[in-house]
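Chemist: The following file, entry03.tsv, comprises TSV, C-alpha atoms (C1' of nucleotides):
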chain	number	residue	atom	x	y	z
D	15	MET	CA	96.23	67.13	162.45
D	16	ASP	CA	97.52	64.26	160.37
D	17	ILE	CA	100.65	66.23	159.64
D	18	PHE	CA	101.06	67.03	163.30
D	19	VAL	CA	100.84	63.37	164.27
D	20	ARG	CA	103.40	62.39	161.66
D	21	TYR	CA	105.69	65.11	162.90
D	22	LEU	CA	105.54	63.82	166.44
D	23	GLU	CA	106.17	60.27	165.26
D	24	LYS	CA	109.20	61.39	163.39
D	25	VAL	CA	110.51	63.42	166.29
D	26	ARG	CA	110.78	60.39	168.52
D	27	THR	CA	112.57	58.03	166.15
D	28	PHE	CA	115.80	57.85	168.09
D	29	ALA	CA	114.73	58.18	171.69
D	30	PRO	CA	113.61	55.56	174.21
D	31	GLU	CA	110.03	54.42	173.84
D	32	LYS	CA	109.45	54.01	177.52
D	33	VAL	CA	111.57	54.75	180.53
D	34	GLU	CA	110.51	53.36	183.84
D	35	MET	CA	111.92	53.18	187.32
D	36	PHE	CA	112.74	49.45	187.23
D	37	SER	CA	113.57	47.08	184.40
D	38	LYS	CA	110.80	44.89	183.07
D	39	ALA	CA	112.59	41.91	184.63
D	40	CYS	CA	112.47	43.62	188.01
D	41	GLU	CA	108.82	44.59	187.67
D	42	TYR	CA	107.96	40.97	186.93
D	43	GLY	CA	110.18	39.85	189.79
D	44	ILE	CA	108.46	42.09	192.32
D	45	ARG	CA	104.99	41.21	191.11
D	46	ALA	CA	105.79	37.50	191.11
D	47	SER	CA	107.25	37.65	194.61
D	48	ILE	CA	104.16	39.35	195.97
D	49	TYR	CA	101.95	36.71	194.37
D	50	ILE	CA	104.07	33.83	195.60
D	51	ALA	CA	104.12	35.33	199.09
D	52	GLU	CA	100.35	35.68	199.08
D	53	LYS	CA	99.93	31.98	198.27
D	54	SER	CA	102.65	30.95	200.70
D	55	LEU	CA	100.72	32.62	203.49
D	56	LEU	CA	98.07	29.97	202.80
D	57	ASP	CA	100.77	27.26	202.60
D	58	LYS	CA	100.29	26.86	198.88
D	59	ARG	CA	102.91	26.31	196.23
D	60	VAL	CA	102.39	27.88	192.82
D	61	SER	CA	103.55	26.73	189.40
D	62	LEU	CA	105.34	28.93	186.87
D	63	LYS	CA	102.25	28.88	184.71
D	64	GLU	CA	100.05	30.06	187.53
D	65	VAL	CA	102.44	32.87	188.43
D	66	ALA	CA	102.69	34.09	184.85
D	67	GLN	CA	98.93	34.11	184.53
D	68	ALA	CA	98.43	35.87	187.84
D	69	ILE	CA	100.81	38.69	187.05
D	70	ASN	CA	100.21	38.72	183.30
D	71	SER	CA	103.79	38.14	182.22
D	72	PRO	CA	105.52	36.05	179.52
D	73	GLU	CA	105.94	32.58	180.96
D	74	ALA	CA	109.42	31.69	179.72
D	75	TYR	CA	110.88	35.03	180.68
D	76	THR	CA	109.25	34.87	184.09
D	77	SER	CA	110.89	31.49	184.51
D	78	LYS	CA	114.33	33.06	184.19
D	79	ILE	CA	113.48	35.69	186.76
D	80	LEU	CA	112.14	33.16	189.24
D	81	GLN	CA	115.33	31.14	188.78
D	82	GLN	CA	117.29	34.23	189.68
D	83	LEU	CA	115.19	34.84	192.79
D	84	SER	CA	115.56	31.21	193.70
D	85	ARG	CA	119.35	31.33	193.32
D	86	SER	CA	119.32	34.45	195.47
D	87	ALA	CA	117.53	32.36	198.10
D	88	ILE	CA	114.55	34.71	198.17
D	89	ILE	CA	112.10	32.07	197.02
D	90	ASN	CA	112.16	28.27	197.02
D	91	SER	CA	111.59	26.12	193.99
D	92	ASP	CA	110.69	22.44	193.92
D	93	LYS	CA	110.67	20.15	190.92
D	94	GLY	CA	108.30	17.39	190.01
D	95	PRO	CA	104.57	17.00	190.51
D	96	THR	CA	103.32	19.07	193.43
D	97	GLY	CA	106.39	21.20	192.84
D	98	GLY	CA	106.41	24.93	192.22
D	99	PHE	CA	107.52	28.13	193.87
D	100	SER	CA	107.06	29.20	197.45
D	101	MET	CA	108.43	31.35	200.21
D	102	ASP	CA	109.26	29.86	203.56
D	103	LYS	CA	108.13	31.37	206.86
D	104	TYR	CA	111.45	33.04	207.53
D	105	MET	CA	111.65	34.73	204.15
D	106	LEU	CA	107.99	35.62	204.29
D	107	ASN	CA	108.69	37.64	207.39
D	108	ASN	CA	111.99	39.11	206.31
D	109	VAL	CA	112.15	39.75	202.57
D	110	LYS	CA	112.20	43.45	201.78
D	111	LEU	CA	111.67	44.92	198.34
D	112	SER	CA	115.28	46.04	198.26
D	113	MET	CA	116.41	42.40	198.24
D	114	ILE	CA	114.38	41.63	195.15
D	115	VAL	CA	115.49	44.77	193.37
D	116	SER	CA	119.15	44.19	194.06
D	117	ALA	CA	118.87	40.52	193.05
D	118	ILE	CA	117.60	41.60	189.63
D	119	ASP	CA	118.49	45.20	188.86
D	120	GLY	CA	121.32	45.78	191.28
D	121	ASP	CA	121.70	48.88	193.43
D	122	GLU	CA	122.22	51.47	190.69
D	123	ILE	CA	118.83	53.16	190.99
D	124	TYR	CA	119.51	54.53	194.43
D	125	LYS	CA	123.29	54.27	194.54
D	126	GLY	CA	124.36	55.47	191.11
D	127	CYS	CA	124.62	59.03	189.82
D	128	ALA	CA	121.46	60.38	188.23
D	129	LEU	CA	123.48	61.70	185.30
D	130	GLY	CA	125.47	58.50	184.86
D	131	LEU	CA	128.81	59.86	186.01
D	132	GLU	CA	131.13	57.21	187.35
D	133	LYS	CA	132.84	59.39	189.87
D	134	CYS	CA	130.09	61.48	191.31
D	135	ASN	CA	130.30	62.03	195.04
D	136	GLU	CA	130.15	64.68	197.74
D	137	LYS	CA	133.62	65.96	196.87
D	138	MET	CA	133.02	66.00	193.14
D	139	PRO	CA	129.27	66.10	192.62
D	140	CYS	CA	127.36	66.18	189.36
D	141	PRO	CA	125.05	69.15	188.87
D	142	LEU	CA	122.06	67.17	190.14
D	143	HIS	CA	123.78	65.50	193.08
D	144	ASP	CA	122.14	67.56	195.83
D	145	GLN	CA	118.75	67.65	194.17
D	146	PHE	CA	118.69	63.86	193.92
D	147	LYS	CA	120.07	63.12	197.33
D	148	SER	CA	116.84	63.09	199.28
D	149	ILE	CA	114.90	61.42	196.49
D	150	ARG	CA	117.36	58.56	196.31
D	151	GLU	CA	117.44	58.25	200.07
D	152	ASP	CA	113.66	58.13	200.26
D	153	LEU	CA	113.54	55.49	197.56
D	154	LYS	CA	116.21	53.45	199.31
D	155	ARG	CA	114.51	53.72	202.70
D	156	MET	CA	111.17	52.74	201.22
D	157	LEU	CA	112.59	49.67	199.46
D	158	GLU	CA	114.51	48.64	202.57
D	159	THR	CA	111.55	48.92	204.93
D	160	THR	CA	108.71	47.59	202.80
D	161	THR	CA	108.18	43.87	203.28
D	162	VAL	CA	106.81	41.65	200.56
D	163	LYS	CA	104.54	40.15	203.18
D	164	SER	CA	102.78	43.44	203.89
D	165	LEU	CA	102.21	43.92	200.17
D	166	SER	CA	100.81	40.42	199.77
D	167	LEU	CA	98.42	40.97	202.68
D	168	ASN	CA	96.99	44.03	200.94
D	169	LEU	CA	96.69	42.02	197.77
D	170	GLU	CA	94.82	39.24	199.55
D	171	LYS	CA	92.43	41.76	201.07
D	172	GLY	CA	91.60	42.96	197.56
D	173	LEU	CA	93.05	46.40	198.26
D	174	THR	CA	95.62	46.17	195.45
D	175	PHE	CA	96.04	44.43	192.09
D	176	LEU	CA	98.75	42.72	190.07
D	177	LYS	CA	97.33	42.67	186.55
D	178	ARG	CA	96.82	44.94	183.55
H	7	MET	CA	137.70	32.97	194.31
H	8	ASP	CA	137.90	32.30	190.59
H	9	ILE	CA	134.97	29.96	190.87
H	10	PHE	CA	133.02	32.54	192.83
H	11	VAL	CA	133.58	35.18	190.19
H	12	ARG	CA	132.48	32.82	187.43
H	13	TYR	CA	129.41	31.92	189.41
H	14	LEU	CA	128.39	35.54	189.78
H	15	GLU	CA	128.97	36.14	186.08
H	16	LYS	CA	126.75	33.26	185.20
H	17	VAL	CA	124.02	34.25	187.58
H	18	ARG	CA	123.47	37.61	185.91
H	19	THR	CA	123.41	36.47	182.29
H	20	PHE	CA	119.77	37.32	181.71
H	21	ALA	CA	119.27	40.43	183.80
H	22	PRO	CA	119.91	44.10	183.03
H	23	GLU	CA	123.51	45.20	183.32
H	24	LYS	CA	122.64	48.61	184.60
H	25	VAL	CA	119.41	50.27	185.53
H	26	GLU	CA	119.40	53.98	186.03
H	27	MET	CA	116.84	56.64	186.67
H	28	PHE	CA	117.03	58.17	183.18
H	29	SER	CA	117.94	56.73	179.79
H	30	LYS	CA	121.46	57.34	178.52
H	31	ALA	CA	119.98	59.68	175.91
H	32	CYS	CA	118.35	61.72	178.64
H	33	GLU	CA	121.51	61.83	180.76
H	34	TYR	CA	123.43	63.18	177.79
H	35	GLY	CA	120.62	65.61	177.05
H	36	ILE	CA	120.61	67.04	180.56
H	37	ARG	CA	124.38	67.29	180.73
H	38	ALA	CA	124.55	68.90	177.29
H	39	SER	CA	121.85	71.41	178.17
H	40	ILE	CA	123.65	72.46	181.31
H	41	TYR	CA	126.87	72.92	179.37
H	42	ILE	CA	125.20	74.87	176.57
H	43	ALA	CA	123.42	77.04	179.13
H	44	GLU	CA	126.70	77.76	180.89
H	45	LYS	CA	128.26	78.98	177.65
H	46	SER	CA	125.15	80.88	176.63
H	47	LEU	CA	125.37	82.87	179.84
H	48	LEU	CA	128.63	84.20	178.39
H	49	ASP	CA	126.96	84.71	174.99
H	50	LYS	CA	128.94	81.89	173.45
H	51	ARG	CA	127.75	79.32	170.95
H	52	VAL	CA	129.20	75.82	171.18
H	53	SER	CA	129.74	73.20	168.49
H	54	LEU	CA	128.65	69.60	168.68
H	55	LYS	CA	132.26	68.53	169.04
H	56	GLU	CA	132.82	70.87	171.95
H	57	VAL	CA	129.67	69.69	173.72
H	58	ALA	CA	130.56	66.02	173.28
H	59	GLN	CA	134.03	66.65	174.66
H	60	ALA	CA	132.76	68.69	177.58
H	61	ILE	CA	130.27	66.09	178.71
H	62	ASN	CA	132.27	63.07	177.56
H	63	SER	CA	129.63	61.57	175.27
H	64	PRO	CA	129.65	59.91	171.82
H	65	GLU	CA	129.55	62.72	169.28
H	66	ALA	CA	127.14	61.29	166.69
H	67	TYR	CA	124.68	60.12	169.28
H	68	THR	CA	124.85	63.43	171.08
H	69	SER	CA	124.05	65.06	167.76
H	70	LYS	CA	120.73	63.21	167.61
H	71	ILE	CA	119.85	64.28	171.11
H	72	LEU	CA	120.68	67.92	170.45
H	73	GLN	CA	118.50	67.76	167.34
H	74	GLN	CA	115.67	66.55	169.51
H	75	LEU	CA	116.18	69.36	172.01
H	76	SER	CA	116.35	71.82	169.16
H	77	ARG	CA	113.12	70.53	167.64
H	78	SER	CA	111.55	70.81	171.07
H	79	ALA	CA	112.59	74.47	171.02
H	80	ILE	CA	114.66	74.09	174.18
H	81	ILE	CA	117.93	75.00	172.48
H	82	ASN	CA	118.78	76.82	169.25
H	83	SER	CA	121.00	75.46	166.56
H	84	ASP	CA	122.69	77.38	163.77
H	85	LYS	CA	124.43	75.95	160.75
H	86	GLY	CA	127.58	77.11	159.02
H	87	PRO	CA	130.79	78.62	160.35
H	88	THR	CA	130.24	80.42	163.66
H	89	GLY	CA	127.24	78.12	164.00
H	90	GLY	CA	126.57	75.78	166.89
H	91	PHE	CA	124.17	75.34	169.79
H	92	SER	CA	122.91	77.95	172.21
H	93	MET	CA	120.10	78.90	174.53
H	94	ASP	CA	118.41	82.25	174.22
H	95	LYS	CA	117.76	84.54	177.18
H	96	TYR	CA	114.15	83.52	177.53
H	97	MET	CA	114.90	79.80	177.59
H	98	LEU	CA	117.88	80.35	179.82
H	99	ASN	CA	115.56	81.82	182.42
H	100	ASN	CA	112.71	79.41	181.95
H	101	VAL	CA	113.87	75.92	181.03
H	102	LYS	CA	113.25	73.43	183.81
H	103	LEU	CA	114.73	69.95	183.97
H	104	SER	CA	111.26	68.49	183.46
H	105	MET	CA	111.15	69.98	179.96
H	106	ILE	CA	114.35	68.24	178.94
H	107	VAL	CA	113.30	64.94	180.48
H	108	SER	CA	109.91	64.93	178.80
H	109	ALA	CA	111.44	65.94	175.46
H	110	ILE	CA	113.65	62.85	175.58
H	111	ASP	CA	112.29	60.23	177.97
H	112	GLY	CA	108.68	61.31	178.25
H	113	ASP	CA	106.77	61.49	181.52
H	114	GLU	CA	106.76	57.81	182.43
H	115	ILE	CA	109.26	58.05	185.29
H	116	TYR	CA	106.94	60.08	187.48
H	117	LYS	CA	103.62	59.41	185.81
H	118	GLY	CA	103.77	55.69	185.09
H	119	CYS	CA	103.19	52.81	187.49
H	120	ALA	CA	106.30	51.57	189.27
H	121	LEU	CA	105.32	47.98	188.49
H	122	GLY	CA	104.49	48.68	184.86
H	123	LEU	CA	100.74	48.19	185.12
H	124	GLU	CA	98.79	50.06	182.49
H	125	LYS	CA	95.74	50.68	184.60
H	126	CYS	CA	97.16	51.55	187.97
H	127	ASN	CA	95.39	54.38	189.78
H	128	GLU	CA	93.83	55.38	193.09
H	129	LYS	CA	90.79	53.19	192.47
H	130	MET	CA	92.77	50.19	191.33
H	131	PRO	CA	96.29	50.60	192.68
H	132	CYS	CA	99.24	48.28	192.27
H	133	PRO	CA	100.78	46.96	195.49
H	134	LEU	CA	103.41	49.72	195.45
H	135	HIS	CA	101.14	52.58	194.50
H	136	ASP	CA	101.02	54.28	197.89
H	137	GLN	CA	104.66	53.65	198.67
H	138	PHE	CA	105.71	55.32	195.43
H	139	LYS	CA	103.32	58.21	195.55
H	140	SER	CA	105.44	60.64	197.53
H	141	ILE	CA	108.65	59.57	195.84
H	142	ARG	CA	107.23	60.23	192.40
H	143	GLU	CA	105.74	63.52	193.54
H	144	ASP	CA	109.06	64.63	194.99
H	145	LEU	CA	110.85	63.70	191.80
H	146	LYS	CA	108.27	65.53	189.70
H	147	ARG	CA	108.40	68.64	191.87
H	148	MET	CA	112.18	68.68	191.81
H	149	LEU	CA	112.34	68.38	188.01
H	150	GLU	CA	109.67	71.03	187.58
H	151	THR	CA	111.30	73.56	189.85
H	152	THR	CA	114.98	73.11	189.04
H	153	THR	CA	116.14	75.44	186.30
H	154	VAL	CA	118.94	74.56	183.95
H	155	LYS	CA	120.30	78.04	184.58
H	156	SER	CA	120.81	77.45	188.28
H	157	LEU	CA	122.66	74.23	187.51
H	158	SER	CA	124.88	75.93	184.96
H	159	LEU	CA	125.75	78.66	187.46
H	160	ASN	CA	126.98	76.06	189.94
H	161	LEU	CA	128.95	74.44	187.16
H	162	GLU	CA	130.58	77.73	186.24
H	163	LYS	CA	131.53	78.35	189.87
H	164	GLY	CA	133.34	75.03	189.86
H	165	LEU	CA	130.97	73.59	192.45
H	166	THR	CA	129.85	70.74	190.20
H	167	PHE	CA	131.20	68.64	187.33
H	168	LEU	CA	129.97	67.14	184.07
H	169	LYS	CA	132.61	64.56	183.24
H	170	ARG	CA	133.69	61.04	184.21
T	5	DA	C1'	130.66	82.41	143.31
T	6	DA	C1'	133.73	79.10	145.54
T	7	DA	C1'	135.47	77.15	149.65
T	8	DA	C1'	135.04	76.07	154.23
T	9	DT	C1'	132.27	75.01	158.25
T	10	DA	C1'	128.73	73.05	161.11
T	11	DA	C1'	124.30	71.02	161.78
T	12	DT	C1'	120.76	67.65	159.53
T	13	DG	C1'	118.63	63.42	158.12
T	14	DG	C1'	118.61	58.89	156.66
T	15	DA	C1'	120.60	54.45	156.66
T	16	DT	C1'	123.03	51.18	159.08
T	17	DA	C1'	125.58	48.79	162.88
T	18	DT	C1'	126.19	47.27	167.64
T	19	DT	C1'	124.82	46.18	172.16
T	20	DT	C1'	121.49	45.31	175.61
T	21	DT	C1'	117.13	43.85	177.06
T	22	DT	C1'	113.31	41.14	176.52
T	23	DG	C1'	111.41	37.01	175.14
T	24	DT	C1'	111.19	31.95	173.23
T	25	DC	C1'	112.36	27.01	172.49
T	26	DC	C1'	113.58	22.69	173.78
T	27	DG	C1'	116.01	18.84	175.67
T	28	DC	C1'	117.48	17.60	180.50
T	29	DT	C1'	117.08	16.71	185.42
T	30	DA	C1'	114.74	15.95	189.65
T	31	DT	C1'	110.62	14.40	192.01
T	32	DT	C1'	106.29	12.29	192.80
T	33	DT	C1'	102.70	8.97	191.83
T	34	DG	C1'	100.87	4.67	190.28
Z	8	DC	C1'	110.50	1.24	187.93
Z	9	DA	C1'	107.76	3.65	184.39
Z	10	DA	C1'	105.11	7.64	183.47
Z	11	DA	C1'	103.88	12.09	184.36
Z	12	DT	C1'	104.98	16.63	186.15
Z	13	DA	C1'	107.51	20.81	186.96
Z	14	DG	C1'	111.57	23.53	187.18
Z	15	DC	C1'	116.53	24.18	184.96
Z	16	DG	C1'	119.90	25.61	181.70
Z	17	DG	C1'	121.67	26.62	177.33
Z	18	DA	C1'	121.01	28.26	172.76
Z	19	DC	C1'	118.56	31.16	170.02
Z	20	DA	C1'	115.37	35.10	168.31
Z	21	DA	C1'	113.22	39.57	168.41
Z	22	DA	C1'	112.89	44.15	169.85
Z	23	DA	C1'	114.64	48.26	171.73
Z	24	DA	C1'	118.39	51.39	172.99
Z	25	DT	C1'	122.71	53.09	171.93
Z	26	DA	C1'	125.98	54.41	168.58
Z	27	DT	C1'	128.18	55.36	163.89
Z	28	DC	C1'	128.63	56.87	158.97
Z	29	DC	C1'	128.04	59.75	155.31
Z	30	DA	C1'	125.88	62.53	151.85
Z	31	DT	C1'	123.17	66.85	152.02
Z	32	DT	C1'	121.81	71.48	153.37
Z	33	DA	C1'	122.41	75.99	155.23
Z	34	DT	C1'	125.50	79.61	156.39
Z	35	DT	C1'	129.61	82.38	156.50
Z	36	DT	C1'	134.01	83.85	154.82
Z	37	DT	C1'	137.12	84.79	151.14
Take the structure from the file and write it as structure tokens.

Modeler:
Amino acid sequence: MDIFVRYLEKVRTFAPEKVEMFSKACEYGIRASIYIAEKSLLDKRVSLKEVAQAINSPEAYTSKILQQLSRSAIINSDKGPTGGFSMDKYMLNNVKLSMIVSAIDGDEIYKGCALGLEKCNEKMPCPLHDQFKSIREDLKRMLETTTVKSLSLNLEKGLTFLKR
Amino acid sequence: MDIFVRYLEKVRTFAPEKVEMFSKACEYGIRASIYIAEKSLLDKRVSLKEVAQAINSPEAYTSKILQQLSRSAIINSDKGPTGGFSMDKYMLNNVKLSMIVSAIDGDEIYKGCALGLEKCNEKMPCPLHDQFKSIREDLKRMLETTTVKSLSLNLEKGLTFLKR
DNA sequence: AAAATAATGGATATTTTTGTCCGCTATTTG
DNA sequence: CAAATAGCGGACAAAAATATCCATTATTTT
């Protein structure tokens, strides 16, 4: 058994430790947005510290991501005492997940080739082009139709969770 | 215009440059497997150099990935002159994409939580749990049902491409 | 048996992503 | 207008992914 474990450890020395759908930055960005939206529904601003605690993320790194979302006009940020992050009524009703993802990760996940080929298209498809077509389209449609508001409402109702 | 370009450059200094579905290692691994399978259908072994050229990947890095696939018993490797990589008849008929992906990237893409939460499940779902359910299932099903052989046949027919 | 060939394994280097630190700026409150 | 608060921006640090180098091992050919 011990030998087996060591073997497996050795086997994975060069390969990625974890591969997920979005980057960590994007995961934090989505979680933070949902939390900020939830509080904005109650007309509350939230500080960086509060956000980081609520979504269990590193504070300084989260700060960078919120800056990015703020520059992308998805959230508002205000300095000084009583300052913090918020989402205005218009954004609350209109921000889709796709906007957050493209502000942080870009559009590669559902636009790029699954095998990383630069020139992969209908005329010159990679071997997985057809197989991925519907999956990418579904992902795209889902991100473009899901509003942050709807997600924050479920969160507020205690139906979903942002931590751990 | 110049100012605009500089602004955009600055804005993305902290975020990922590119986020794709699979790791680079896995992309190379899938492409290499399809190429090796194509040649194995003609009872030909291929060298590392030939593989790297065919799929346009860094040779030394590709070597590591082929080692991993070899250790995972997905491909065979033989040393010495006339040596190289190949896939035996049994593997040719049975290897699914899912086997290559889990040998390199693991199962996180379709098993893990889209928002990176460790304990995300039906009882305690993240805000995107339901939205991602069918997408992850579709991805899983596709990877588990697509054979490398079928992909290599399309490649041989000139219907698909592995480069650029 | 020697030479040539091709993969292997370990060490190391580079690049990207993730994460931290800290002085600065803007805003509010007293 | 001074003090306190909270985000901003730039530099820096750590960790992970990607990539390279080279000596060694196994195999085949001569």

Chemist: Fewer than 5 positions away in the same chain doesn't count, so skip those; otherwise give me all residues within 10 Å of DT35 (chain Z), counting only C-alpha atoms (C1' of nucleotides), as an mmCIF file with C-alpha atoms (C1' of nucleotides), in the frame of the given file.

Modeler:
data_model
loop_
_atom_site.group_PDB
_atom_site.id
_atom_site.type_symbol
_atom_site.label_atom_id
_atom_site.label_comp_id
_atom_site.auth_asym_id
_atom_site.auth_seq_id
_atom_site.Cartn_x
_atom_site.Cartn_y
_atom_site.Cartn_z
ATOM 1 C CA LYS H 85 124.430 75.950 160.750
ATOM 2 C CA GLY H 86 127.580 77.110 159.020
ATOM 3 C CA PRO H 87 130.790 78.620 160.350
ATOM 4 C CA THR H 88 130.240 80.420 163.660
ATOM 5 C CA GLY H 89 127.240 78.120 164.000
ATOM 6 C "C1'" DA T 8 135.040 76.070 154.230
ATOM 7 C "C1'" DT T 9 132.270 75.010 158.250
#

Chemist: Counting only C-alpha atoms (C1' of nucleotides), which residue out of T:DA6, T:DG34, T:DT29, T:DA11 sits closest to Phe91 (chain H)?

Modeler: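 For Phe91 (chain H), the nearest of the candidates is T:DA11.
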
Chemist: Using all atoms listed in the file, which residue out of D:Lys32, D:Lys53, D:Lys103, D:Lys171 lies closest to chain H?

Modeler: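 Nearest candidate to chain H out of D:Lys32, D:Lys53, D:Lys103, D:Lys171: D:Lys32.
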
Chemist: Give the answer as one residue: which of H:Glu23, H:Glu33, H:Glu114, H:Glu44 has the shortest atom-to-atom distance to chain T, using all atoms listed in the file?

Modeler: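 Ranked by minimum distance to chain T, first place goes to H:Glu23.
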
Chemist: What is the CA of Ala66 (chain H) to CA of Lys155 (chain H) distance in Å?

Modeler: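 We find that CA of Ala66 (chain H) and CA of Lys155 (chain H) lie 25.4 Å from each other.
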
Chemist: At a cut-off of 12 Å, using all atoms listed in the file, what residues contact Lys125 (chain H)? Leave out same-chain residues fewer than 5 positions from it and give the result as a list of chain:residue names.

Modeler: D:Thr174, D:Phe175, D:Leu176, D:Lys177, D:Arg178, H:Lys117, H:Gly118, H:Cys119, H:Ala120, H:Met130, H:Pro131, H:Cys132, H:His135

Chemist: Find the distance between CA of Tyr75 (chain D) and CA of Arg59 (chain D) and write it in Å to one decimal.

Modeler: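 For CA of Tyr75 (chain D) relative to CA of Arg59 (chain D), the distance reads 19.5 Å.
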
Chemist: Taking all atoms listed in the file into account, find every residue of chain D that has an atom no more than 12 Å from chain T, and write it out as a list in words.

Modeler: Lys24, Val25, Thr27, Phe28, Ser37, Lys38, Ala39, Cys40, Tyr42, Ser71, Pro72, Glu73, Ala74, Tyr75, Thr76, Ser77, Lys78, Ile79, Ser91, Asp92, Lys93, Gly94, Pro95, Thr96, Gly97, Gly98 and Asp119 of chain D

Chemist: How would the residues just chosen look if you wrote them out with C-alpha atoms as a PDB file, in the coordinates of the input?

Modeler:
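Result file selection_6.pdb:
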ATOM      1  CA  LYS D  24     109.200  61.390 163.390  1.00  0.00           C
ATOM      2  CA  VAL D  25     110.510  63.420 166.290  1.00  0.00           C
ATOM      3  CA  THR D  27     112.570  58.030 166.150  1.00  0.00           C
ATOM      4  CA  PHE D  28     115.800  57.850 168.090  1.00  0.00           C
ATOM      5  CA  SER D  37     113.570  47.080 184.400  1.00  0.00           C
ATOM      6  CA  LYS D  38     110.800  44.890 183.070  1.00  0.00           C
ATOM      7  CA  ALA D  39     112.590  41.910 184.630  1.00  0.00           C
ATOM      8  CA  CYS D  40     112.470  43.620 188.010  1.00  0.00           C
ATOM      9  CA  TYR D  42     107.960  40.970 186.930  1.00  0.00           C
ATOM     10  CA  SER D  71     103.790  38.140 182.220  1.00  0.00           C
ATOM     11  CA  PRO D  72     105.520  36.050 179.520  1.00  0.00           C
ATOM     12  CA  GLU D  73     105.940  32.580 180.960  1.00  0.00           C
ATOM     13  CA  ALA D  74     109.420  31.690 179.720  1.00  0.00           C
ATOM     14  CA  TYR D  75     110.880  35.030 180.680  1.00  0.00           C
ATOM     15  CA  THR D  76     109.250  34.870 184.090  1.00  0.00           C
ATOM     16  CA  SER D  77     110.890  31.490 184.510  1.00  0.00           C
ATOM     17  CA  LYS D  78     114.330  33.060 184.190  1.00  0.00           C
ATOM     18  CA  ILE D  79     113.480  35.690 186.760  1.00  0.00           C
ATOM     19  CA  SER D  91     111.590  26.120 193.990  1.00  0.00           C
ATOM     20  CA  ASP D  92     110.690  22.440 193.920  1.00  0.00           C
ATOM     21  CA  LYS D  93     110.670  20.150 190.920  1.00  0.00           C
ATOM     22  CA  GLY D  94     108.300  17.390 190.010  1.00  0.00           C
ATOM     23  CA  PRO D  95     104.570  17.000 190.510  1.00  0.00           C
ATOM     24  CA  THR D  96     103.320  19.070 193.430  1.00  0.00           C
ATOM     25  CA  GLY D  97     106.390  21.200 192.840  1.00  0.00           C
ATOM     26  CA  GLY D  98     106.410  24.930 192.220  1.00  0.00           C
ATOM     27  CA  ASP D 119     118.490  45.200 188.860  1.00  0.00           C
TER      28      ASP D 119
END

Chemist: Please report as a Markdown table every residue of chain Z lying within 7 Å of chain H, along with the nearest atom pair and their distance in Å (one decimal), using all atoms listed in the file.

Modeler:
| residue | atom | partner | partner_atom | distance |
| --- | --- | --- | --- | --- |
| Z:DA26 | C1' | H:Tyr67 | CA | 5.9 |
| Z:DT27 | C1' | H:Ala66 | CA | 6.6 |
| Z:DA33 | C1' | H:Lys85 | CA | 5.9 |
| Z:DT34 | C1' | H:Gly86 | CA | 4.2 |
| Z:DT35 | C1' | H:Pro87 | CA | 5.5 |

Chemist: CA of Phe138 (chain H) and CA of Asn135 (chain D) are how many Å apart?

Modeler: 25.5 Å

Chemist: At a cut-off of 9 Å, using all atoms listed in the file, what residues contact Pro133 (chain H)? Leave out same-chain residues fewer than 5 positions from it and give the result as an MDAnalysis selection string.

Modeler: (chainID D and resid 45 48 165:166 168:169 173:176) or (chainID H and resid 121)

Chemist: Tell me which of H:Leu54, H:Ala79, H:Leu149, H:Val101 sits closest to chain D, counting all atoms listed in the file.

Modeler: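 Smallest separation from chain D among the options: H:Leu149.
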
Chemist: Which residue gives the smallest distance to chain D among H:Val57, H:Ala43, H:Ala109, H:Ile81, with all atoms listed in the file counted?

Modeler: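 Under the stated criterion, the closest residue is H:Ala109.
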
Chemist: Return the padded bounding box of region 18-30 of chain Z as AutoDock Vina command-line options: axis-aligned, built from all atoms listed in the file, 8 Å added on each side, with centre and edge lengths in Å to one decimal.

Modeler:
--center_x 120.8 --center_y 45.4 --center_z 162.4 --size_x 31.7 --size_y 50.3 --size_z 37.1

Chemist: Between D:Met156, D:Val60, D:Ile149, D:Leu142, which is the closest to Met101 (chain D) once you count only C-alpha atoms?

Modeler: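 The shortest atom-to-atom distance to Met101 (chain D) comes from D:Val60.
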